[in-house]
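Trainee: I have a structure I would like to understand better, so I am pasting it below and will then ask my questions one at a time.
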There are 2 protein chains.
Amino acid sequence: MDLIRAQERMLTHPAHAQVLGNPDYAFGAAFVADHFCPILEASIPIIDAGLFHADAVYDVVSVSGGAFFRLEEHQARFARACAAIRVRNPFDREKEAEILHELVARAGLRDAYVWWTVTRGLPPMGRNEMVDPLKFENRFYAMAVPFVFMFDDDQRARGVDLVVSRDHIRIPARAVDPRAKNFHWLDMQMALFEAGDRGGEWAVLTDADGYLAEATGANIFAIVDGTVVTPDSGCLEGITRQSVMDLCQELGIPTACRRIHADELKTAQEVFMTTTAGSIMPARSVDGKPVFGHGGAGELSVRLHNLYWEKRWAGWHATPVRYDLAKQEHQP
Amino acid sequence: MDLIRAQERMLTHPAHAQVLGNPDYAFGAAFVADHFCPILEASIPIIDAGLFHADAVYDVVSVSGGAFFRLEEHQARFARACAAIRVRNPFDREKEAEILHELVARAGLRDAYVWWTVTRGLPPMGRNEMVDPLKFENRFYAMAVPFVFMFDDDQRARGVDLVVSRDHIRIPARAVDPRAKNFHWLDMQMALFEAGDRGGEWAVLTDADGYLAEATGANIFAIVDGTVVTPDSGCLEGITRQSVMDLCQELGIPTACRRIHADELKTAQEVFMTTTAGSIMPARSVDGKPVFGHGGAGELSVRLHNLYWEKRWAGWHATPVRYDLAKQEHQP
């Protein structure tokens with residue numbers, strides 16, 4: 001089965017070239033605390049704790065063919081993350097959605113990557129008040145940029161080369177809960193550099209005992225004895241991860257969330273990753289060794305990838321972008 | 001022994017009221033990538049990985065009475081941190097020092113908290129390039145603000161109420177090395193909120209086995225059987241921590257860096273914390289129980305605190321601020 005060239009399709013999408021947005025927003029649109037602006041003008045105060053203490057949660061939803069995917073689930077996950085780290089979103093669920101819609105509309109994007117965050121914001125003047133979450137002025141920031149594929153069509157079609165990090169473990173949930181999607185990425189970025197040094201294209205991290213946690217910015221999956229397995233803890237509860245579970249159920253393929261030792265990747269039938277910024281990404285090798293039974297992307301991985309995109313373009317969990325929200329911007 | 005009221009002394013320092021700086025810089029001065037600006041105008045692009053991936057290292061040095069403390073050691077530690085996470089500082093050691101001097105001079109501060117960072121900066125356009133540290137455009141940001149005491153004179157004099165976090169462990173070094181001072185603080189901030197919930201004023205975190213790692217933004221010390229002890233791993237190699245070791249040597253007090261179980265705090269003779277933004281901070285209680293033998297700040301803790309400030313004001317490891325660097329700013 002050939003992998004659907006989803007990236008190419010986006011670029012040649014009939015509506016893609018249509019200039020819907022304000023040309024000032026050509027590189028993307030941002031929302032900073034209380035106003036919209038072009039992405040290249042968007043910045044956050046150097047005294048925001050979201051920067052200097054990485055004290056924030058965020059989420060990312062994708063838009064393809066002019067529709068958000070599982071928007072309500074992303075928003076629900078984000079609300080749980082805010083509660084987990086005790087920040088108050090200055091906007092309610094409805095207003096938050098409206099901002100995300102308007103960002104995509106202003107940028108005139110049919111295929112977009114939409115990111116938003118609530119940061120701890122401006123700290124209280126007195127250090128004594130740092131023990132009280134109510135003393136901080138939490139802030140909201142967001143942006144919509146053209147959809148960026150974590151791996152391009154060619155890479156997904158052939159499968160990517162994964163490396164299991166030896167130098168870094170994933171930050172454990174007892175320190176920072178990965179289910180509350182957050183900026184703590186240094187372990188994952190350092191693992192990427194290690195992957196590069198070792199001839200790989202992307203990194204997977206384990207916990208202290210060698211059990212898989214997550215790939216850099218992505219969930220990790222393996223197919224073991226015909227069952228699609230993914231770690232049950234130490235990782236983000238990915239929306240694309242859930243989508244894969246749903247697709248497997250539709251196809252009658254057994255799934256399991258369980259502890260998976262990194263060594264299981266050596267004998268797995270297939271290996272793939274999932275993330276909003278890349279959908280389903282087959283792996284062809286782990287630590288330089290071809291994934292069992294094939295030298296390229298696994299057959300089921302490709303099947304899941306293709307089904308994912310076909311269903312999305314057919315309106316699966318789709319919320320059409322409210323392009324009318326930007327009307328006042330591009331119709332003078 | 002009474003604790004020296006160092007904070008009060010700063011506020012009444014003869015030179016403090018002297019307006020050395022540009023009034024635009026009254027709240028502090030910042031340096032953003034390539035230019036100086038007032039702190040309230042300083043911001044970083046929303047697309048800097050220092051924000052969205054907390055991918056950065058930083059350092060903080062204090063200025064008291066118009067002189068930096070152990071500036072060269074802070075710079076050396078910062079250089080090691082840059083190397084550890086593979087960012088390239090766009091400025092050499094000399095230029096970096098000049099920027100820090102000029103920030104303090106522009107803000108006209110005699111007592112300052114000077115913070116600087118190199119972030120991963122702007123990511124490469126292609127995700128494929130994220131495995132190569134050379135593909136990022138690393139960025140430099142810095143600021144100088146009036147010195148903020150982590151605990152005020154009264155708190156330090158009576159000793160603060162510490163809480164050992166039960167809900168969060170410190171991010172382990174195998175995930176993110178705490179010796180490369182970084183923005184990964186969510187564990188430490190959540191522990192602070194827990195401390196607040198439990199009636200405490202500040203938090204201490206352990207590793208997964210219950211051994212002390214560090215307090216939120218500070219090193220932790222205990223006096224056990226007459227020896228001043230502090231954890232040997234899982235923590236920042238603090239400059240104030242080193243200063244305490246130096247002071248102990250001067251006073252002939254034995255010291256040891258070793259693993260310390262949190263339970264040892266229950267029977268310790270004294271407990272204190274150290275950090276640039278607070279010097280030496282005695283604790284009077286741990287988890288609601290008075291520290292052994294005294295209901296307030298421990299005698300040796302206060303002695304170390306006072307000696308630290310006396311020596312600093314007498315020029316210990318001092319580098320006078322080059323206020324002339326701001327001359328063109330405030331002498332029109």
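How things are named: the first chain in the structure tokens is A, the next is B, and so on; residues count from 1 in each chain; ligands count from 1 in the order shown.
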Would you give me, as a PDB file with C-alpha atoms, in the first residue's frame, the residues of chain A that come within 8 Å of chain B, using only C-alpha atoms?

Mentor:
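Written output follows (out-v6.pdb):
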```pdb
ATOM      1  CA  ILE A  39       3.167  36.220  14.170  1.00  0.00           C
ATOM      2  CA  LEU A  40       6.450  37.989  13.534  1.00  0.00           C
ATOM      3  CA  GLU A  41       5.402  40.797  15.874  1.00  0.00           C
ATOM      4  CA  ALA A  42       4.220  38.439  18.625  1.00  0.00           C
ATOM      5  CA  SER A  43       6.286  38.349  21.768  1.00  0.00           C
ATOM      6  CA  ILE A  44       5.934  37.724  25.482  1.00  0.00           C
ATOM      7  CA  PRO A  45       7.353  39.837  28.303  1.00  0.00           C
ATOM      8  CA  ILE A  46      10.750  38.690  29.507  1.00  0.00           C
ATOM      9  CA  ILE A  47       9.291  38.804  33.036  1.00  0.00           C
ATOM     10  CA  GLY A  50       6.064  31.090  31.263  1.00  0.00           C
ATOM     11  CA  LEU A  51       9.519  31.944  29.993  1.00  0.00           C
ATOM     12  CA  PHE A  52      11.896  32.010  32.936  1.00  0.00           C
ATOM     13  CA  HIS A  53      10.285  29.125  34.851  1.00  0.00           C
ATOM     14  CA  ALA A  54       8.665  27.287  31.895  1.00  0.00           C
ATOM     15  CA  ASP A  55       5.600  27.634  34.034  1.00  0.00           C
ATOM     16  CA  ILE A  85      -0.800  23.210  37.289  1.00  0.00           C
ATOM     17  CA  ARG A 127       8.488  36.388  46.965  1.00  0.00           C
ATOM     18  CA  ASN A 128       6.338  35.572  49.984  1.00  0.00           C
ATOM     19  CA  MET A 130       4.883  32.789  45.365  1.00  0.00           C
ATOM     20  CA  VAL A 131       3.255  30.002  47.395  1.00  0.00           C
ATOM     21  CA  ASP A 132      -0.197  31.211  46.351  1.00  0.00           C
ATOM     22  CA  PRO A 133      -1.349  30.507  42.777  1.00  0.00           C
ATOM     23  CA  PHE A 149       4.793  18.218   8.989  1.00  0.00           C
ATOM     24  CA  MET A 150       7.150  16.718  11.564  1.00  0.00           C
ATOM     25  CA  PHE A 151       8.283  14.419   8.749  1.00  0.00           C
ATOM     26  CA  ASP A 167      21.914   9.747  27.621  1.00  0.00           C
ATOM     27  CA  HIS A 168      18.554  11.106  28.737  1.00  0.00           C
ATOM     28  CA  ILE A 169      15.473   9.647  30.362  1.00  0.00           C
ATOM     29  CA  ARG A 170      12.103  11.387  30.068  1.00  0.00           C
ATOM     30  CA  ILE A 171      11.201  13.668  32.976  1.00  0.00           C
ATOM     31  CA  PRO A 172       9.165  11.389  35.273  1.00  0.00           C
ATOM     32  CA  ARG A 174       6.278  12.498  39.720  1.00  0.00           C
ATOM     33  CA  ALA A 175       8.385  15.546  38.838  1.00  0.00           C
ATOM     34  CA  VAL A 176       6.311  17.070  36.026  1.00  0.00           C
ATOM     35  CA  PHE A 183       7.190  23.355  27.952  1.00  0.00           C
ATOM     36  CA  HIS A 184       9.603  20.976  29.722  1.00  0.00           C
ATOM     37  CA  TRP A 185      11.345  19.691  26.617  1.00  0.00           C
ATOM     38  CA  LEU A 186      15.069  19.886  27.319  1.00  0.00           C
ATOM     39  CA  ASP A 187      15.315  16.126  27.873  1.00  0.00           C
ATOM     40  CA  GLN A 189      15.573  18.098  22.646  1.00  0.00           C
ATOM     41  CA  MET A 190      18.865  16.765  23.999  1.00  0.00           C
ATOM     42  CA  LEU A 192      17.143  14.612  19.462  1.00  0.00           C
ATOM     43  CA  PHE A 193      20.711  15.887  19.260  1.00  0.00           C
ATOM     44  CA  GLU A 194      21.914  12.489  20.475  1.00  0.00           C
ATOM     45  CA  ALA A 195      19.800  10.881  17.732  1.00  0.00           C
ATOM     46  CA  GLY A 196      21.433  13.162  15.181  1.00  0.00           C
ATOM     47  CA  ASP A 197      24.896  12.276  16.487  1.00  0.00           C
ATOM     48  CA  GLU A 201      16.265  11.213  12.570  1.00  0.00           C
ATOM     49  CA  TRP A 202      14.229  11.264  15.756  1.00  0.00           C
TER      50      TRP A 202
END
```

Trainee: Looking only at alpha helix (DSSP H) from DSSP on the backbone, list the matching residues of stretch 155-311 of chain B as a PyMOL selection string.

Mentor: chain B and resi 155-158+186-197+239-251+264-267+299-311

Trainee: Quick one: of B:Ala297, B:Ile239, B:Ala97, B:Ala218, who's nearest to B:Glu73, counting only C-alpha atoms?

Mentor: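 Residue with the minimum atom-to-atom distance to B:Glu73: B:Ile239.
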
Trainee: Onto chain A, please fit chain B by least squares using all C-alpha atoms in order, then return the transformed chain as a CSV table (one decimal) with C-alpha atoms, in the first residue's frame.

Mentor:
```csv
chain,number,residue,atom,x,y,z
B,1,MET,CA,0.0,0.0,0.1
B,2,ASP,CA,1.3,3.4,-0.9
B,3,LEU,CA,1.3,6.1,1.7
B,4,ILE,CA,-1.0,9.0,1.0
B,5,ARG,CA,1.1,12.1,0.3
B,6,ALA,CA,-0.8,14.2,2.8
B,7,GLN,CA,1.7,17.1,2.8
B,8,GLU,CA,1.6,17.3,-1.0
B,9,ARG,CA,-2.1,17.3,-1.0
B,10,MET,CA,-2.2,20.2,1.4
B,11,LEU,CA,0.1,22.2,-0.9
B,12,THR,CA,-2.1,21.5,-3.9
B,13,HIS,CA,-5.4,21.7,-2.1
B,14,PRO,CA,-7.7,23.7,-4.3
B,15,ALA,CA,-8.5,26.2,-1.6
B,16,HIS,CA,-4.9,26.5,-0.5
B,17,ALA,CA,-3.9,29.3,-2.8
B,18,GLN,CA,-7.0,31.3,-2.0
B,19,VAL,CA,-6.0,34.4,-0.2
B,20,LEU,CA,-8.4,34.5,2.6
B,21,GLY,CA,-6.4,36.4,5.1
B,22,ASN,CA,-4.8,39.7,5.7
B,23,PRO,CA,-1.3,39.8,3.9
B,24,ASP,CA,0.2,41.1,7.2
B,25,TYR,CA,-0.6,37.6,8.6
B,26,ALA,CA,1.1,35.7,5.8
B,27,PHE,CA,3.5,34.0,8.1
B,28,GLY,CA,0.8,33.3,10.7
B,29,ALA,CA,-1.3,35.1,13.2
B,30,ALA,CA,-0.9,35.4,16.9
B,31,PHE,CA,-2.9,36.5,19.9
B,32,VAL,CA,-1.0,38.1,22.7
B,33,ALA,CA,-2.8,38.5,26.1
B,34,ASP,CA,-5.6,40.6,24.7
B,35,HIS,CA,-5.0,41.4,21.0
B,36,PHE,CA,-4.3,39.8,17.6
B,37,CYS,CA,-1.1,40.5,15.7
B,38,PRO,CA,1.1,39.1,12.9
B,39,ILE,CA,3.2,36.2,14.2
B,40,LEU,CA,6.5,38.0,13.5
B,41,GLU,CA,5.4,40.8,15.9
B,42,ALA,CA,4.2,38.4,18.6
B,43,SER,CA,6.3,38.3,21.8
B,44,ILE,CA,5.9,37.7,25.5
B,45,PRO,CA,7.4,39.8,28.3
B,46,ILE,CA,10.8,38.7,29.5
B,47,ILE,CA,9.3,38.8,33.0
B,48,ASP,CA,6.6,36.2,32.3
B,49,ALA,CA,7.2,33.0,34.3
B,50,GLY,CA,6.1,31.1,31.3
B,51,LEU,CA,9.5,31.9,30.0
B,52,PHE,CA,11.9,32.0,33.0
B,53,HIS,CA,10.3,29.1,34.9
B,54,ALA,CA,8.7,27.3,31.9
B,55,ASP,CA,5.6,27.6,34.0
B,56,ALA,CA,2.8,27.0,31.6
B,57,VAL,CA,0.6,24.5,29.9
B,58,TYR,CA,-0.2,24.4,26.2
B,59,ASP,CA,-2.0,22.5,23.5
B,60,VAL,CA,-1.8,22.2,19.7
B,61,VAL,CA,-4.7,21.4,17.4
B,62,SER,CA,-4.4,20.9,13.7
B,63,VAL,CA,-6.6,22.3,10.9
B,64,SER,CA,-6.8,20.4,7.6
B,65,GLY,CA,-8.9,21.4,4.6
B,66,GLY,CA,-10.4,24.2,6.6
B,67,ALA,CA,-11.5,22.2,9.6
B,68,PHE,CA,-10.2,21.7,13.1
B,69,PHE,CA,-9.7,18.1,14.2
B,70,ARG,CA,-11.1,17.0,17.6
B,71,LEU,CA,-11.1,20.6,18.7
B,72,GLU,CA,-13.3,20.0,21.7
B,73,GLU,CA,-11.1,17.2,22.9
B,74,HIS,CA,-8.0,19.4,22.6
B,75,GLN,CA,-9.8,22.1,24.6
B,76,ALA,CA,-10.9,19.6,27.3
B,77,ARG,CA,-7.4,18.3,27.6
B,78,PHE,CA,-6.1,21.9,27.9
B,79,ALA,CA,-8.6,22.7,30.6
B,80,ARG,CA,-7.4,19.6,32.6
B,81,ALA,CA,-3.8,20.8,32.1
B,82,CYS,CA,-4.6,24.3,33.4
B,83,ALA,CA,-6.3,22.7,36.5
B,84,ALA,CA,-3.3,20.4,37.0
B,85,ILE,CA,-0.8,23.2,37.3
B,86,ARG,CA,-3.3,25.6,38.9
B,87,VAL,CA,-3.4,28.4,36.3
B,88,ARG,CA,-6.7,30.1,35.5
B,89,ASN,CA,-7.4,30.5,31.8
B,90,PRO,CA,-8.6,34.2,31.5
B,91,PHE,CA,-11.0,33.0,28.7
B,92,ASP,CA,-13.8,30.5,28.9
B,93,ARG,CA,-14.1,27.5,26.6
B,94,GLU,CA,-16.2,29.4,24.0
B,95,LYS,CA,-14.0,32.5,23.9
B,96,GLU,CA,-10.9,30.3,23.6
B,97,ALA,CA,-12.4,28.5,20.6
B,98,GLU,CA,-13.3,31.8,19.0
B,99,ILE,CA,-9.7,33.1,19.4
B,100,LEU,CA,-8.4,29.9,17.8
B,101,HIS,CA,-10.9,30.2,14.9
B,102,GLU,CA,-10.1,33.8,14.4
B,103,LEU,CA,-6.3,33.1,14.3
B,104,VAL,CA,-6.8,30.6,11.5
B,105,ALA,CA,-9.2,32.9,9.7
B,106,ARG,CA,-6.9,36.0,9.9
B,107,ALA,CA,-3.9,34.0,8.6
B,108,GLY,CA,-6.2,32.7,5.8
B,109,LEU,CA,-5.0,29.1,6.4
B,110,ARG,CA,-6.7,26.0,5.2
B,111,ASP,CA,-4.1,23.7,6.8
B,112,ALA,CA,-2.7,25.0,10.1
B,113,TYR,CA,-1.0,24.2,13.3
B,114,VAL,CA,-2.7,26.1,16.1
B,115,TRP,CA,-0.9,26.5,19.4
B,116,TRP,CA,-2.1,28.1,22.6
B,117,THR,CA,-0.9,28.5,26.1
B,118,VAL,CA,-1.8,29.8,29.5
B,119,THR,CA,1.4,30.9,31.4
B,120,ARG,CA,1.8,31.6,35.1
B,121,GLY,CA,2.4,35.1,33.8
B,122,LEU,CA,3.6,38.0,35.8
B,123,PRO,CA,4.8,36.9,39.3
B,124,PRO,CA,3.8,38.7,42.5
B,125,MET,CA,6.0,41.5,43.7
B,126,GLY,CA,6.7,39.7,46.9
B,127,ARG,CA,8.5,36.4,47.0
B,128,ASN,CA,6.3,35.6,50.0
B,129,GLU,CA,3.4,35.4,47.7
B,130,MET,CA,4.9,32.8,45.4
B,131,VAL,CA,3.2,30.0,47.4
B,132,ASP,CA,-0.2,31.2,46.3
B,133,PRO,CA,-1.3,30.5,42.8
B,134,LEU,CA,-3.9,33.3,43.0
B,135,LYS,CA,-1.2,35.9,43.4
B,136,PHE,CA,0.0,35.5,39.8
B,137,GLU,CA,-1.5,37.2,36.8
B,138,ASN,CA,-1.9,34.3,34.4
B,139,ARG,CA,-1.7,35.1,30.7
B,140,PHE,CA,-3.0,33.7,27.4
B,141,TYR,CA,-1.0,33.5,24.2
B,142,ALA,CA,-1.8,31.7,20.9
B,143,MET,CA,-0.7,31.4,17.3
B,144,ALA,CA,-1.7,29.8,14.1
B,145,VAL,CA,0.9,29.0,11.5
B,146,PRO,CA,0.9,27.0,8.2
B,147,PHE,CA,0.8,23.3,9.0
B,148,VAL,CA,4.3,22.0,9.4
B,149,PHE,CA,4.8,18.2,9.0
B,150,MET,CA,7.1,16.7,11.6
B,151,PHE,CA,8.3,14.4,8.7
B,152,ASP,CA,7.6,15.1,5.1
B,153,ASP,CA,5.8,12.7,2.7
B,154,ASP,CA,9.0,11.0,1.6
B,155,GLN,CA,10.1,10.3,5.2
B,156,ARG,CA,6.8,9.0,6.2
B,157,ALA,CA,6.6,6.8,3.1
B,158,ARG,CA,10.0,5.2,3.7
B,159,GLY,CA,9.8,5.2,7.5
B,160,VAL,CA,12.1,7.3,9.7
B,161,ASP,CA,15.2,6.2,11.6
B,162,LEU,CA,14.6,6.2,15.4
B,163,VAL,CA,17.1,6.3,18.2
B,164,VAL,CA,16.4,5.2,21.8
B,165,SER,CA,18.2,7.8,24.0
B,166,ARG,CA,20.9,6.4,26.2
B,167,ASP,CA,21.9,9.7,27.6
B,168,HIS,CA,18.5,11.1,28.8
B,169,ILE,CA,15.5,9.6,30.4
B,170,ARG,CA,12.1,11.4,30.1
B,171,ILE,CA,11.2,13.7,33.0
B,172,PRO,CA,9.2,11.4,35.3
B,173,ALA,CA,5.5,12.1,36.0
B,174,ARG,CA,6.3,12.5,39.7
B,175,ALA,CA,8.4,15.5,38.8
B,176,VAL,CA,6.3,17.1,36.0
B,177,ASP,CA,3.2,15.3,34.8
B,178,PRO,CA,3.4,14.8,31.1
B,179,ARG,CA,-0.4,14.6,30.8
B,180,ALA,CA,-0.5,18.3,31.5
B,181,LYS,CA,1.2,19.3,28.2
B,182,ASN,CA,4.0,21.6,29.1
B,183,PHE,CA,7.2,23.3,27.9
B,184,HIS,CA,9.6,21.0,29.7
B,185,TRP,CA,11.4,19.7,26.6
B,186,LEU,CA,15.1,19.9,27.3
B,187,ASP,CA,15.3,16.1,27.9
B,188,MET,CA,13.5,15.5,24.6
B,189,GLN,CA,15.6,18.1,22.6
B,190,MET,CA,18.9,16.8,24.0
B,191,ALA,CA,17.7,13.3,23.0
B,192,LEU,CA,17.2,14.6,19.5
B,193,PHE,CA,20.7,15.9,19.3
B,194,GLU,CA,21.9,12.5,20.5
B,195,ALA,CA,19.8,10.9,17.7
B,196,GLY,CA,21.4,13.2,15.2
B,197,ASP,CA,24.9,12.3,16.5
B,198,ARG,CA,24.1,8.6,16.2
B,199,GLY,CA,22.8,8.9,12.6
B,200,GLY,CA,19.1,8.9,13.5
B,201,GLU,CA,16.3,11.2,12.6
B,202,TRP,CA,14.2,11.3,15.8
B,203,ALA,CA,14.5,10.2,19.4
B,204,VAL,CA,12.5,8.0,21.8
B,205,LEU,CA,13.0,8.3,25.6
B,206,THR,CA,12.4,5.8,28.3
B,207,ASP,CA,11.9,6.0,32.0
B,208,ALA,CA,14.7,5.2,34.5
B,209,ASP,CA,14.0,1.5,34.2
B,210,GLY,CA,14.2,1.4,30.4
B,211,TYR,CA,10.5,1.4,29.7
B,212,LEU,CA,9.3,3.5,26.8
B,213,ALA,CA,7.8,6.9,27.8
B,214,GLU,CA,7.5,9.0,24.7
B,215,ALA,CA,9.3,10.1,21.6
B,216,THR,CA,10.3,13.8,21.3
B,217,GLY,CA,6.9,15.5,21.1
B,218,ALA,CA,5.2,12.3,20.0
B,219,ASN,CA,3.7,9.1,21.3
B,220,ILE,CA,5.4,5.9,20.5
B,221,PHE,CA,3.7,2.7,19.3
B,222,ALA,CA,4.8,-0.8,18.4
B,223,ILE,CA,3.0,-3.8,16.9
B,224,VAL,CA,3.8,-6.8,18.9
B,225,ASP,CA,2.3,-10.2,18.1
B,226,GLY,CA,-0.4,-8.5,16.0
B,227,THR,CA,-1.4,-6.1,18.8
B,228,VAL,CA,-0.9,-2.4,18.6
B,229,VAL,CA,0.7,-1.3,21.9
B,230,THR,CA,1.6,2.0,23.4
B,231,PRO,CA,2.8,3.1,26.8
B,232,ASP,CA,0.2,3.5,29.5
B,233,SER,CA,2.1,6.0,31.5
B,234,GLY,CA,4.9,8.6,31.5
B,235,CYS,CA,3.5,10.2,28.4
B,236,LEU,CA,1.0,12.7,27.0
B,237,GLU,CA,-2.4,11.3,26.4
B,238,GLY,CA,-2.2,12.2,22.7
B,239,ILE,CA,-5.2,13.0,20.6
B,240,THR,CA,-3.6,11.3,17.6
B,241,ARG,CA,-2.7,8.4,19.9
B,242,GLN,CA,-6.4,8.2,20.8
B,243,SER,CA,-7.3,8.4,17.1
B,244,VAL,CA,-5.1,5.5,16.3
B,245,MET,CA,-6.9,3.5,19.0
B,246,ASP,CA,-10.2,4.4,17.4
B,247,LEU,CA,-9.0,3.4,14.0
B,248,CYS,CA,-7.7,0.1,15.3
B,249,GLN,CA,-11.1,-0.6,16.8
B,250,GLU,CA,-12.8,0.2,13.5
B,251,LEU,CA,-10.4,-2.2,11.7
B,252,GLY,CA,-10.8,-4.9,14.4
B,253,ILE,CA,-7.1,-4.7,15.3
B,254,PRO,CA,-6.4,-5.5,19.0
B,255,THR,CA,-4.8,-2.7,21.0
B,256,ALA,CA,-3.2,-2.4,24.5
B,257,CYS,CA,-1.9,0.4,26.7
B,258,ARG,CA,0.8,-1.2,28.8
B,259,ARG,CA,4.4,-0.9,30.0
B,260,ILE,CA,6.7,-1.6,27.0
B,261,HIS,CA,10.4,-2.1,27.5
B,262,ALA,CA,12.6,-0.4,24.9
B,263,ASP,CA,14.0,-3.8,24.0
B,264,GLU,CA,10.6,-4.8,22.6
B,265,LEU,CA,11.2,-2.4,19.8
B,266,LYS,CA,14.0,-4.7,18.5
B,267,THR,CA,11.5,-7.5,17.8
B,268,ALA,CA,8.4,-5.6,17.1
B,269,GLN,CA,6.6,-6.2,13.8
B,270,GLU,CA,6.2,-2.4,13.2
B,271,VAL,CA,7.0,0.8,15.0
B,272,PHE,CA,5.4,4.2,14.5
B,273,MET,CA,4.9,7.5,16.3
B,274,THR,CA,1.9,9.8,16.5
B,275,THR,CA,1.6,13.5,17.0
B,276,THR,CA,-0.7,16.4,15.8
B,277,ALA,CA,2.2,17.8,13.8
B,278,GLY,CA,2.7,14.7,11.8
B,279,SER,CA,-0.2,12.3,12.1
B,280,ILE,CA,1.1,8.7,12.0
B,281,MET,CA,4.8,8.4,11.3
B,282,PRO,CA,6.2,4.9,10.5
B,283,ALA,CA,9.7,4.0,11.6
B,284,ARG,CA,12.0,1.9,9.4
B,285,SER,CA,14.8,1.4,11.9
B,286,VAL,CA,15.5,1.6,15.6
B,287,ASP,CA,19.1,2.2,16.8
B,288,GLY,CA,20.3,1.5,13.3
B,289,LYS,CA,18.6,-1.9,12.9
B,290,PRO,CA,15.7,-2.4,10.5
B,291,VAL,CA,12.4,-2.9,12.1
B,292,PHE,CA,11.5,-6.6,12.0
B,293,GLY,CA,10.2,-8.0,8.7
B,294,HIS,CA,10.5,-4.9,6.5
B,295,GLY,CA,13.0,-2.3,5.5
B,296,GLY,CA,10.5,0.5,5.2
B,297,ALA,CA,7.3,1.7,6.7
B,298,GLY,CA,5.2,-1.1,8.1
B,299,GLU,CA,2.1,-2.1,6.2
B,300,LEU,CA,-0.3,-1.5,9.1
B,301,SER,CA,1.3,1.8,10.0
B,302,VAL,CA,0.7,3.0,6.4
B,303,ARG,CA,-2.8,1.7,6.5
B,304,LEU,CA,-3.5,3.6,9.7
B,305,HIS,CA,-1.9,6.7,8.3
B,306,ASN,CA,-3.9,6.6,5.1
B,307,LEU,CA,-7.2,5.9,6.9
B,308,TYR,CA,-6.5,8.7,9.3
B,309,TRP,CA,-6.2,11.2,6.5
B,310,GLU,CA,-9.0,9.8,4.4
B,311,LYS,CA,-11.4,10.1,7.4
B,312,ARG,CA,-10.2,13.5,8.3
B,313,TRP,CA,-10.8,14.9,4.8
B,314,ALA,CA,-14.2,13.2,4.9
B,315,GLY,CA,-15.1,15.3,8.0
B,316,TRP,CA,-14.1,12.9,10.9
B,317,HIS,CA,-14.4,14.9,14.2
B,318,ALA,CA,-14.2,18.1,12.1
B,319,THR,CA,-15.1,21.6,13.2
B,320,PRO,CA,-15.2,23.9,10.2
B,321,VAL,CA,-13.1,27.1,10.7
B,322,ARG,CA,-15.3,30.2,11.1
B,323,TYR,CA,-13.5,32.2,8.4
B,324,ASP,CA,-16.2,34.9,8.7
B,325,LEU,CA,-14.5,36.0,11.9
B,326,ALA,CA,-11.7,37.6,9.8
B,327,LYS,CA,-14.0,39.3,7.3
B,328,GLN,CA,-13.4,42.7,8.7
B,329,GLU,CA,-9.7,42.2,8.2
B,330,HIS,CA,-9.5,41.3,4.5
B,331,GLN,CA,-12.5,43.0,3.1
B,332,PRO,CA,-11.8,46.7,3.6
```

Trainee: Report the residues of stretch 48-169 of chain B whose backbone DSSP state falls under strand (DSSP E), written as JSON, numbers by chain.

Mentor: {"B": [56, 57, 58, 59, 60, 61, 62, 63, 64, 67, 68, 69, 112, 113, 114, 115, 116, 117, 118, 119, 120, 121, 122, 137, 138, 139, 140, 141, 142, 143, 144, 145, 146, 160, 161, 162, 163, 164]}

Trainee: Those residues with C-alpha atoms, as a short mmCIF file (atom, residue, chain, number, x, y, z; two decimals), in the first residue's frame please?

Mentor:
```cif
data_model
loop_
_atom_site.label_atom_id
_atom_site.label_comp_id
_atom_site.auth_asym_id
_atom_site.auth_seq_id
_atom_site.Cartn_x
_atom_site.Cartn_y
_atom_site.Cartn_z
CA ALA B 56 17.72 27.54 27.41
CA VAL B 57 20.23 27.97 30.19
CA TYR B 58 20.60 31.01 32.41
CA ASP B 59 22.45 32.43 35.33
CA VAL B 60 21.89 35.09 37.96
CA VAL B 61 24.53 37.19 39.66
CA SER B 62 23.94 39.74 42.38
CA VAL B 63 25.26 43.25 42.77
CA SER B 64 25.50 44.74 46.25
CA ALA B 67 29.85 45.50 42.98
CA PHE B 68 29.17 42.12 41.39
CA PHE B 69 29.79 39.06 43.57
CA ALA B 112 20.76 44.42 41.70
CA TYR B 113 19.70 41.01 40.54
CA VAL B 114 21.24 40.40 37.12
CA TRP B 115 19.81 37.59 35.00
CA TRP B 116 20.93 36.41 31.60
CA THR B 117 20.15 33.56 29.27
CA VAL B 118 21.04 31.98 25.96
CA THR B 119 18.01 30.31 24.43
CA ARG B 120 17.88 27.73 21.65
CA GLY B 121 16.25 30.62 19.82
CA LEU B 122 14.59 30.39 16.47
CA GLU B 137 19.73 30.59 15.80
CA ASN B 138 20.63 30.84 19.51
CA ARG B 139 19.73 34.10 21.22
CA PHE B 140 20.97 36.14 24.16
CA TYR B 141 18.70 38.03 26.57
CA ALA B 142 19.53 39.70 29.88
CA MET B 143 18.10 41.98 32.51
CA ALA B 144 19.04 43.85 35.67
CA VAL B 145 16.38 44.68 38.24
CA PRO B 146 16.52 46.04 41.79
CA VAL B 160 11.33 30.43 57.51
CA ASP B 161 8.87 27.55 57.54
CA LEU B 162 9.91 24.81 55.13
CA VAL B 163 7.85 22.00 53.69
CA VAL B 164 9.31 18.85 52.12
#
```
